[in-house]
Each structure stands twice: as structure tokens, then as C-alpha cells.
>>> print(open('protein_29.pdb').read())   # PDB, C-alpha atoms
ATOM      1  CA  GLY A 195    -131.959  10.065  46.150
ATOM      2  CA  ALA A 196    -128.691  11.900  45.990
ATOM      3  CA  GLY A 197    -126.499   9.157  47.364
ATOM      4  CA  VAL A 198    -126.225   5.447  48.009
ATOM      5  CA  SER A 199    -128.826   4.346  50.526
ATOM      6  CA  GLN A 200    -128.507   1.243  52.681
ATOM      7  CA  SER A 201    -131.030  -0.347  54.977
ATOM      8  CA  PRO A 202    -131.311  -1.199  57.712
ATOM      9  CA  ARG A 203    -128.633   0.957  59.324
ATOM     10  CA  TYR A 204    -128.333  -1.465  62.215
ATOM     11  CA  LYS A 205    -129.243  -5.124  62.465
ATOM     12  CA  VAL A 206    -128.938  -7.446  65.421
ATOM     13  CA  ALA A 207    -129.316 -11.108  64.544
ATOM     14  CA  LYS A 208    -129.248 -14.208  66.663
ATOM     15  CA  ARG A 209    -126.666 -16.756  65.609
ATOM     16  CA  GLY A 210    -128.157 -19.011  62.978
ATOM     17  CA  GLN A 211    -130.660 -16.419  61.750
ATOM     18  CA  ASP A 212    -130.799 -15.344  58.100
ATOM     19  CA  VAL A 213    -130.432 -11.639  57.283
ATOM     20  CA  ALA A 214    -130.960  -9.506  54.180
ATOM     21  CA  LEU A 215    -129.219  -6.184  53.659
ATOM     22  CA  ARG A 216    -130.463  -3.759  51.032
ATOM     23  CA  CYS A 217    -128.601  -1.280  48.853
ATOM     24  CA  ASP A 218    -130.166   1.429  46.700
ATOM     25  CA  PRO A 219    -127.410   2.739  44.423
ATOM     26  CA  ILE A 220    -127.189   6.147  42.816
ATOM     27  CA  SER A 221    -129.604   6.249  39.905
ATOM     28  CA  GLY A 222    -127.959   5.302  36.623
ATOM     29  CA  HIS A 223    -124.851   3.802  38.144
ATOM     30  CA  VAL A 224    -123.935   0.619  36.350
ATOM     31  CA  SER A 225    -121.421  -0.704  38.866
ATOM     32  CA  LEU A 226    -122.295  -1.867  42.349
ATOM     33  CA  PHE A 227    -119.937  -3.217  44.985
ATOM     34  CA  TRP A 228    -120.361  -4.831  48.384
ATOM     35  CA  TYR A 229    -117.649  -4.571  51.032
ATOM     36  CA  GLN A 230    -117.264  -5.908  54.557
ATOM     37  CA  GLN A 231    -115.557  -3.650  57.087
ATOM     38  CA  ALA A 232    -114.463  -5.130  60.379
ATOM     39  CA  LEU A 233    -113.933  -2.809  63.319
ATOM     40  CA  GLY A 234    -110.809  -0.703  62.815
ATOM     41  CA  GLN A 235    -110.077  -2.202  59.411
ATOM     42  CA  GLY A 236    -110.354  -1.130  55.814
ATOM     43  CA  PRO A 237    -113.207  -2.348  53.656
ATOM     44  CA  GLU A 238    -112.724  -5.840  52.214
ATOM     45  CA  PHE A 239    -114.160  -6.634  48.794
ATOM     46  CA  LEU A 240    -117.070  -9.066  48.702
ATOM     47  CA  THR A 241    -118.652  -8.878  45.268
ATOM     48  CA  TYR A 242    -119.165  -6.703  42.193
ATOM     49  CA  PHE A 243    -122.084  -6.250  39.794
ATOM     50  CA  GLN A 244    -122.245  -4.607  36.426
ATOM     51  CA  ASN A 245    -125.940  -3.985  35.875
ATOM     52  CA  GLU A 246    -127.606  -7.275  36.854
ATOM     53  CA  ALA A 247    -124.569  -9.416  36.139
ATOM     54  CA  GLN A 248    -122.459 -10.513  39.075
ATOM     55  CA  LEU A 249    -119.015 -10.340  37.514
ATOM     56  CA  ASP A 250    -116.914 -11.065  40.566
ATOM     57  CA  LYS A 251    -117.899 -12.815  43.775
ATOM     58  CA  SER A 252    -114.443 -13.910  44.784
ATOM     59  CA  GLY A 253    -114.583 -12.031  48.089
ATOM     60  CA  LEU A 254    -117.658 -13.744  49.488
ATOM     61  CA  PRO A 255    -116.289 -15.583  52.545
ATOM     62  CA  SER A 256    -118.507 -18.646  52.344
ATOM     63  CA  ASP A 257    -121.492 -20.120  50.579
ATOM     64  CA  ARG A 258    -123.654 -18.632  53.322
ATOM     65  CA  PHE A 259    -123.213 -15.277  51.594
ATOM     66  CA  PHE A 260    -125.299 -14.515  48.540
ATOM     67  CA  ALA A 261    -125.830 -11.281  46.625
ATOM     68  CA  GLU A 262    -128.234 -10.362  43.866
ATOM     69  CA  ARG A 263    -129.193  -7.396  41.724
ATOM     70  CA  PRO A 264    -132.025  -8.787  39.602
ATOM     71  CA  GLU A 265    -133.011  -5.610  37.735
ATOM     72  CA  GLY A 266    -129.650  -3.899  37.669
ATOM     73  CA  SER A 267    -130.569  -1.380  40.329
ATOM     74  CA  VAL A 268    -131.323  -2.348  43.946
ATOM     75  CA  SER A 269    -129.083  -5.039  45.380
ATOM     76  CA  THR A 270    -129.533  -7.378  48.326
ATOM     77  CA  LEU A 271    -126.800  -9.117  50.285
ATOM     78  CA  LYS A 272    -128.129 -12.162  52.077
ATOM     79  CA  ILE A 273    -126.319 -14.002  54.824
ATOM     80  CA  GLN A 274    -127.671 -17.374  55.836
ATOM     81  CA  ARG A 275    -127.187 -19.012  59.226
ATOM     82  CA  THR A 276    -125.295 -16.004  60.590
ATOM     83  CA  GLN A 277    -122.218 -16.592  62.737
ATOM     84  CA  GLN A 278    -120.531 -14.286  65.216
ATOM     85  CA  GLU A 279    -117.643 -13.713  62.820
ATOM     86  CA  ASP A 280    -120.120 -12.160  60.383
ATOM     87  CA  SER A 281    -120.446  -9.166  62.702
ATOM     88  CA  ALA A 282    -119.178  -6.167  60.747
ATOM     89  CA  VAL A 283    -120.287  -3.126  58.814
ATOM     90  CA  TYR A 284    -121.439  -4.021  55.314
ATOM     91  CA  LEU A 285    -120.829  -1.237  52.834
ATOM     92  CA  CYS A 286    -122.395  -0.847  49.440
ATOM     93  CA  ALA A 287    -120.901   1.381  46.762
ATOM     94  CA  SER A 288    -122.004   2.332  43.294
ATOM     95  CA  GLY A 289    -120.193   4.157  40.577
ATOM     96  CA  SER A 290    -118.076   4.073  37.494
ATOM     97  CA  ASN A 291    -115.033   2.005  36.698
ATOM     98  CA  THR A 292    -112.756   4.156  38.800
ATOM     99  CA  GLU A 293    -114.918   6.036  41.246
ATOM    100  CA  ALA A 294    -116.980   4.476  43.991
ATOM    101  CA  PHE A 295    -119.537   6.299  46.130
ATOM    102  CA  PHE A 296    -120.269   4.557  49.385
ATOM    103  CA  GLY A 297    -123.404   4.295  51.456
ATOM    104  CA  GLN A 298    -123.336   4.668  55.230
ATOM    105  CA  GLY A 299    -123.322   0.932  55.695
ATOM    106  CA  THR A 300    -125.311  -1.588  57.689
ATOM    107  CA  ARG A 301    -123.833  -2.548  61.029
ATOM    108  CA  LEU A 302    -124.592  -6.222  61.626
ATOM    109  CA  THR A 303    -124.163  -7.628  65.099
ATOM    110  CA  VAL A 304    -124.610 -11.370  65.554
ATOM    111  CA  VAL A 305    -125.317 -12.403  69.133
TER     112      VAL A 305
ATOM    113  CA  GLN B 206    -102.105 -11.325  51.353
ATOM    114  CA  GLN B 207    -102.671  -7.621  51.773
ATOM    115  CA  GLN B 208    -102.563  -5.899  48.391
ATOM    116  CA  VAL B 209    -102.092  -2.396  49.794
ATOM    117  CA  LYS B 210    -100.045  -1.622  52.899
ATOM    118  CA  GLN B 211    -100.785   1.606  54.730
ATOM    119  CA  SER B 212     -98.924   3.411  57.496
ATOM    120  CA  PRO B 213     -99.024   4.733  60.114
ATOM    121  CA  GLN B 214    -101.959   3.117  61.858
ATOM    122  CA  SER B 215    -102.600   6.306  63.805
ATOM    123  CA  LEU B 216    -101.319   9.845  63.634
ATOM    124  CA  ILE B 217    -101.519  12.855  65.922
ATOM    125  CA  VAL B 218    -100.806  16.263  64.416
ATOM    126  CA  GLN B 219    -101.057  19.763  65.813
ATOM    127  CA  LYS B 220    -103.421  22.202  64.148
ATOM    128  CA  GLY B 221    -101.647  23.848  61.243
ATOM    129  CA  GLY B 222     -99.188  20.986  60.807
ATOM    130  CA  ILE B 223     -98.706  18.599  57.912
ATOM    131  CA  SER B 224    -100.246  15.128  58.049
ATOM    132  CA  ILE B 225     -98.547  12.470  55.930
ATOM    133  CA  ILE B 226     -99.954   9.009  55.279
ATOM    134  CA  ASN B 227     -98.129   6.442  53.178
ATOM    135  CA  CYS B 228     -99.221   3.473  51.103
ATOM    136  CA  ALA B 229     -97.370   0.826  49.135
ATOM    137  CA  TYR B 230     -98.553  -1.761  46.644
ATOM    138  CA  GLU B 231     -97.122  -4.671  44.689
ATOM    139  CA  ASN B 232     -99.433  -5.254  41.744
ATOM    140  CA  THR B 233     -98.318  -3.090  38.815
ATOM    141  CA  ALA B 234    -101.689  -3.667  37.130
ATOM    142  CA  PHE B 235    -103.340  -1.171  39.459
ATOM    143  CA  ASP B 236    -104.372   1.854  37.419
ATOM    144  CA  TYR B 237    -106.137   4.174  39.818
ATOM    145  CA  PHE B 238    -105.274   5.240  43.348
ATOM    146  CA  PRO B 239    -107.972   7.017  45.370
ATOM    147  CA  TRP B 240    -107.917   8.209  48.958
ATOM    148  CA  TYR B 241    -111.029   8.005  51.091
ATOM    149  CA  GLN B 242    -111.959   9.851  54.276
ATOM    150  CA  GLN B 243    -114.265   8.151  56.764
ATOM    151  CA  PHE B 244    -115.956   9.713  59.780
ATOM    152  CA  PRO B 245    -117.449   7.505  62.518
ATOM    153  CA  GLY B 246    -120.752   5.999  61.471
ATOM    154  CA  LYS B 247    -120.346   7.100  57.876
ATOM    155  CA  GLY B 248    -119.258   5.389  54.714
ATOM    156  CA  PRO B 249    -115.893   6.272  53.139
ATOM    157  CA  ALA B 250    -116.024   9.412  50.996
ATOM    158  CA  LEU B 251    -113.715  10.031  48.054
ATOM    159  CA  LEU B 252    -111.169  12.702  48.900
ATOM    160  CA  ILE B 253    -108.693  12.801  46.026
ATOM    161  CA  ALA B 254    -107.382  10.346  43.463
ATOM    162  CA  ILE B 255    -104.471   9.922  41.061
ATOM    163  CA  ARG B 256    -103.552   7.844  38.033
ATOM    164  CA  PRO B 257    -100.080   6.300  37.691
ATOM    165  CA  ASP B 258     -99.065   8.541  34.785
ATOM    166  CA  VAL B 259     -98.990  11.560  37.114
ATOM    167  CA  SER B 260     -96.479  12.086  39.939
ATOM    168  CA  GLU B 261     -98.458  14.589  41.958
ATOM    169  CA  LYS B 262    -101.995  15.891  42.277
ATOM    170  CA  LYS B 263    -103.107  18.754  44.473
ATOM    171  CA  GLU B 264    -106.623  19.748  45.476
ATOM    172  CA  GLY B 265    -106.770  22.496  48.051
ATOM    173  CA  ARG B 266    -104.917  21.377  51.176
ATOM    174  CA  PHE B 267    -104.725  17.764  49.978
ATOM    175  CA  THR B 268    -101.876  16.454  47.816
ATOM    176  CA  ILE B 269    -101.140  12.969  46.525
ATOM    177  CA  SER B 270     -97.547  12.139  45.700
ATOM    178  CA  PHE B 271     -97.063   9.080  43.516
ATOM    179  CA  ASN B 272     -93.818   7.190  42.939
ATOM    180  CA  LYS B 273     -94.428   4.592  40.254
ATOM    181  CA  SER B 274     -90.972   3.014  40.368
ATOM    182  CA  ALA B 275     -91.136   2.545  44.126
ATOM    183  CA  LYS B 276     -94.811   1.511  43.970
ATOM    184  CA  GLN B 277     -95.640   3.962  46.710
ATOM    185  CA  PHE B 278     -98.048   6.836  47.102
ATOM    186  CA  SER B 279     -98.801   9.208  49.915
ATOM    187  CA  LEU B 280    -101.382  11.713  51.072
ATOM    188  CA  HIS B 281    -100.253  15.057  52.445
ATOM    189  CA  ILE B 282    -102.702  17.254  54.326
ATOM    190  CA  MET B 283    -101.343  20.771  54.636
ATOM    191  CA  ASP B 284    -102.445  23.148  57.401
ATOM    192  CA  SER B 285    -104.248  20.277  59.157
ATOM    193  CA  GLN B 286    -107.440  21.243  60.976
ATOM    194  CA  PRO B 287    -109.392  19.557  63.785
ATOM    195  CA  GLY B 288    -112.159  18.931  61.259
ATOM    196  CA  ASP B 289    -109.739  16.718  59.330
ATOM    197  CA  SER B 290    -109.768  14.247  62.233
ATOM    198  CA  ALA B 291    -111.032  11.032  60.647
ATOM    199  CA  THR B 292    -109.821   7.698  59.352
ATOM    200  CA  TYR B 293    -108.143   7.794  55.962
ATOM    201  CA  PHE B 294    -107.947   4.859  53.592
ATOM    202  CA  CYS B 295    -105.808   4.561  50.509
ATOM    203  CA  ALA B 296    -106.964   2.248  47.767
ATOM    204  CA  ALA B 297    -105.695   0.747  44.542
ATOM    205  CA  VAL B 298    -108.032  -0.215  41.739
ATOM    206  CA  ASN B 299    -107.784  -2.900  39.085
ATOM    207  CA  PHE B 300    -110.649  -4.116  36.918
ATOM    208  CA  ASN B 301    -113.226  -2.325  39.054
ATOM    209  CA  LYS B 302    -112.031  -4.028  42.213
ATOM    210  CA  PHE B 303    -110.940  -1.670  44.961
ATOM    211  CA  TYR B 304    -108.253  -2.874  47.356
ATOM    212  CA  PHE B 305    -108.097  -0.803  50.518
ATOM    213  CA  GLY B 306    -105.318  -0.191  52.997
ATOM    214  CA  SER B 307    -105.990  -0.863  56.653
ATOM    215  CA  GLY B 308    -106.580   2.798  57.455
ATOM    216  CA  THR B 309    -104.924   5.632  59.382
ATOM    217  CA  LYS B 310    -106.739   7.293  62.231
ATOM    218  CA  LEU B 311    -105.793  10.967  62.176
ATOM    219  CA  ASN B 312    -106.285  13.174  65.222
ATOM    220  CA  VAL B 313    -105.592  16.874  64.735
ATOM    221  CA  LYS B 314    -105.096  18.603  68.065
ATOM    222  CA  PRO B 315    -106.419  22.187  68.372
TER     223      PRO B 315
END
>>> encode(input="protein_29.pdb", output="C-alpha cells")
Amino acid sequence: GAGVSQSPRYKVAKRGQDVALRCDPISGHVSLFWYQQALGQGPEFLTYFQNEAQLDKSGLPSDRFFAERPEGSVSTLKIQRTQQEDSAVYLCASGSNTEAFFGQGTRLTVV
Amino acid sequence: QQQVKQSPQSLIVQKGGISIINCAYENTAFDYFPWYQQFPGKGPALLIAIRPDVSEKKEGRFTISFNKSAKQFSLHIMDSQPGDSATYFCAAVNFNKFYFGSGTKLNVKP
């Protein structure tokens, strides 16, 4: 595809449920980023991959959050035992060292 | 601690006017400063970007002014149009990590 694709676009989860959010980056992009965007706020860094290597996961808010990119392309952000405070838009971006192209995001609502 | 501070939070400008959004940072290791435009329901899209060795960059109606000594940079939108109504985020980049400002919601009145 031409851009970064994220699925699902919307996800409603019951508190305590596990969720998995998918990101298909732009083909050939080495770098992949995950961000969390709360309502009315700027994106907050979660984690960064270079190919399949997770080089920085300092932004993951708790050990309930886990991200992987096993083949250096598609990435999955998993949230275990979701809590209400996890409700946000989760953005994926791919790109070069200094340019990030964002997907449309997955809006997660935990009820 | 917020790495990038952005102001104002919201801005109303008449069509044809100049929109100005300001950002400030502390970490002198940042080496790339992009601005992103975000429409509701969409991901942020790169608008214009500057490196710290340049004081100004212009692309069409959009200009970034960069003051390295003051650690400040700003986005100017000339001849603002209703279609420019969106949320704008500044960012500062270091080692592939993007730090975003809190955003400015711009409303251009027709």
C-alpha cells in the first residue's frame, strides 16, 4: 500500500480483556514507531523498532504493554488486561531517521 | 517532564490572516524539528521540517522560523485558509525518538 495501515480502526474492549493492534508500515521502511495519543494531546512515544530489533521501549507505560515486529515488517502492539486509562488512539509510524509517516491510528475504548 | 512546550493551545484567525504557533525545547541534542498537521480521525501528516543549522525554511504559505540560541521555533501560516483548520503539532527529534508538543487547534474563520 501507499501508506501506513493500521487495524482495526476502532476497538472496544471490556476492562481486563487483552487486545492486539496491528501496523503495516510502508514497504521498505526500516524504522517503526508506536505512539499513544490521548484526547486533545500530542502523541506520546511508546516504542521504536529498527527492522525486527526493538531498540527503545522506554515509553511503554507498564508491563501490560508489549510490542513485536518479528520479521521486520508488520508490527503488533498488545495490551494485556486492559484498563480504562488505556483508552486512547494508538498511532503507528514508519520512516527514516528523521521523517515519520503516520497511520490513521486505532482508537481503543476500554469500558 | 514535557520535552517540547507548544503554544497557544487554540487559535482563531480570520481568512487571509497569519497564523503563528510557537514551540520551545530544552534538550540541545535535538537535531530535527518537524511540524505535523492533523485532521480529525486522521494520523498526523508531515507539513514542513527544519534542521538547527538553518534559521528559516519556507514552503509555499508555510514558514518555520528557528532560533537556536533561544531554543525556540515557530510555524507561520500566511494567507490562512479555512482548509488549514486542523490541529498542529511541533516535534523535536533525537536518536529517532520524536517528542511532540501538546498541539494547537487552529480555526480559520471564513
>>> interface_residues(input="protein_29.pdb", of="chain B", to="chain A", cutoff="8 Å", atoms="only C-alpha atoms", output="number ranges by chain")
B: 237, 246-251, 294, 298, 300-308
>>> resolve_selection(input="protein_29.pdb", expression="the PyMOL selection byres ((chain A and resi 271) around 12)", output="NGL selection string")
:A and (200-202 or 212-218 or 226-230 or 240-243 or 251 or 254 or 258-264 or 268-270 or 272-274 or 284-286 or 299-300 or 302)
>>> resolve_selection(input="protein_29.pdb", expression="the PyMOL selection byres ((chain A and resi 304) around 12)", output="list of chain:residue names")
A:Tyr204, A:Lys205, A:Val206, A:Ala207, A:Lys208, A:Arg209, A:Gly210, A:Gln211, A:Asp212, A:Val213, A:Ile273, A:Gln274, A:Arg275, A:Thr276, A:Gln277, A:Gln278, A:Glu279, A:Asp280, A:Ser281, A:Ala282, A:Val283, A:Arg301, A:Leu302, A:Thr303, A:Val305
>>> closest_residue(input="protein_29.pdb", among="B:Val209, B:Ala296, B:Ile269, B:Met283", to="B:Ser224", atoms="all atoms listed in the file")
B:Met283
>>> resolve_selection(input="protein_29.pdb", expression="the PyMOL selection byres ((chain B and resi 229) around 9)", output="number ranges by chain")
B: 208-212, 227-228, 230-231, 275-279, 306
>>> atom_distance(input="protein_29.pdb", atom1="atom CA of B:Ile225", atom2="atom CA of B:Ile282")
6.5 Å
>>> residues_around(input="protein_29.pdb", residues="B:Arg266", least_positions_apart="6", cutoff="12 Å", atoms="all atoms listed in the file", output="JSON, numbers by chain")
{"B": [221, 222, 223, 224, 225, 252, 253, 280, 281, 282, 283, 284, 285, 286, 289]}
>>> write_last_selection(input="protein_29.pdb", atoms="C-alpha atoms", output="PDB file, in the frame of the given file")
ATOM      1  CA  GLY B 221    -101.647  23.848  61.243  1.00  0.00           C
ATOM      2  CA  GLY B 222     -99.188  20.986  60.807  1.00  0.00           C
ATOM      3  CA  ILE B 223     -98.706  18.599  57.912  1.00  0.00           C
ATOM      4  CA  SER B 224    -100.246  15.128  58.049  1.00  0.00           C
ATOM      5  CA  ILE B 225     -98.547  12.470  55.930  1.00  0.00           C
ATOM      6  CA  LEU B 252    -111.169  12.702  48.900  1.00  0.00           C
ATOM      7  CA  ILE B 253    -108.693  12.801  46.026  1.00  0.00           C
ATOM      8  CA  LEU B 280    -101.382  11.713  51.072  1.00  0.00           C
ATOM      9  CA  HIS B 281    -100.253  15.057  52.445  1.00  0.00           C
ATOM     10  CA  ILE B 282    -102.702  17.254  54.326  1.00  0.00           C
ATOM     11  CA  MET B 283    -101.343  20.771  54.636  1.00  0.00           C
ATOM     12  CA  ASP B 284    -102.445  23.148  57.401  1.00  0.00           C
ATOM     13  CA  SER B 285    -104.248  20.277  59.157  1.00  0.00           C
ATOM     14  CA  GLN B 286    -107.440  21.243  60.976  1.00  0.00           C
ATOM     15  CA  ASP B 289    -109.739  16.718  59.330  1.00  0.00           C
TER      16      ASP B 289
END
>>> atom_distance(input="protein_29.pdb", atom1="atom CA of A:Ser221", atom2="atom CA of A:Asn245")
11.6 Å
>>> atom_distance(input="protein_29.pdb", atom1="atom CA of A:Pro255", atom2="atom CA of A:Ser267")
23.6 Å
>>> build_atoms(input="protein_29.pdb", residues="stretch 216-228 of chain B", atoms="N, CA, C and O atoms", output="mmCIF file, keeping the file's coordinate frame")
data_model
loop_
_atom_site.group_PDB
_atom_site.id
_atom_site.type_symbol
_atom_site.label_atom_id
_atom_site.label_comp_id
_atom_site.auth_asym_id
_atom_site.auth_seq_id
_atom_site.Cartn_x
_atom_site.Cartn_y
_atom_site.Cartn_z
ATOM 1 N N LEU B 216 -102.149 8.667 63.814
ATOM 2 C CA LEU B 216 -101.319 9.845 63.634
ATOM 3 C C LEU B 216 -101.924 10.999 64.426
ATOM 4 O O LEU B 216 -103.128 11.250 64.337
ATOM 5 N N ILE B 217 -101.077 11.672 65.196
ATOM 6 C CA ILE B 217 -101.519 12.855 65.922
ATOM 7 C C ILE B 217 -100.725 14.041 65.405
ATOM 8 O O ILE B 217 -99.486 14.011 65.369
ATOM 9 N N VAL B 218 -101.435 15.085 64.997
ATOM 10 C CA VAL B 218 -100.806 16.263 64.416
ATOM 11 C C VAL B 218 -101.396 17.505 65.071
ATOM 12 O O VAL B 218 -102.591 17.539 65.386
ATOM 13 N N GLN B 219 -100.567 18.503 65.286
ATOM 14 C CA GLN B 219 -101.057 19.763 65.813
ATOM 15 C C GLN B 219 -101.755 20.555 64.697
ATOM 16 O O GLN B 219 -101.368 20.466 63.513
ATOM 17 N N LYS B 220 -102.728 21.322 65.093
ATOM 18 C CA LYS B 220 -103.421 22.202 64.148
ATOM 19 C C LYS B 220 -102.397 23.056 63.396
ATOM 20 O O LYS B 220 -101.485 23.631 63.999
ATOM 21 N N GLY B 221 -102.569 23.086 62.080
ATOM 22 C CA GLY B 221 -101.647 23.848 61.243
ATOM 23 C C GLY B 221 -100.485 23.030 60.709
ATOM 24 O O GLY B 221 -99.759 23.484 59.814
ATOM 25 N N GLY B 222 -100.296 21.841 61.241
ATOM 26 C CA GLY B 222 -99.188 20.986 60.807
ATOM 27 C C GLY B 222 -99.510 20.204 59.546
ATOM 28 O O GLY B 222 -100.595 20.314 58.974
ATOM 29 N N ILE B 223 -98.542 19.423 59.110
ATOM 30 C CA ILE B 223 -98.706 18.599 57.912
ATOM 31 C C ILE B 223 -98.922 17.142 58.331
ATOM 32 O O ILE B 223 -98.138 16.591 59.102
ATOM 33 N N SER B 224 -99.975 16.549 57.808
ATOM 34 C CA SER B 224 -100.246 15.128 58.049
ATOM 35 C C SER B 224 -99.791 14.347 56.818
ATOM 36 O O SER B 224 -100.124 14.718 55.690
ATOM 37 N N ILE B 225 -99.046 13.281 57.043
ATOM 38 C CA ILE B 225 -98.547 12.470 55.930
ATOM 39 C C ILE B 225 -98.894 11.007 56.175
ATOM 40 O O ILE B 225 -98.569 10.454 57.219
ATOM 41 N N ILE B 226 -99.558 10.415 55.199
ATOM 42 C CA ILE B 226 -99.954 9.009 55.279
ATOM 43 C C ILE B 226 -99.395 8.306 54.040
ATOM 44 O O ILE B 226 -99.500 8.833 52.935
ATOM 45 N N ASN B 227 -98.821 7.143 54.254
ATOM 46 C CA ASN B 227 -98.129 6.442 53.178
ATOM 47 C C ASN B 227 -98.782 5.110 52.833
ATOM 48 O O ASN B 227 -99.311 4.424 53.707
ATOM 49 N N CYS B 228 -98.714 4.771 51.562
ATOM 50 C CA CYS B 228 -99.221 3.473 51.103
ATOM 51 C C CYS B 228 -98.264 2.867 50.096
ATOM 52 O O CYS B 228 -97.582 3.597 49.363
#
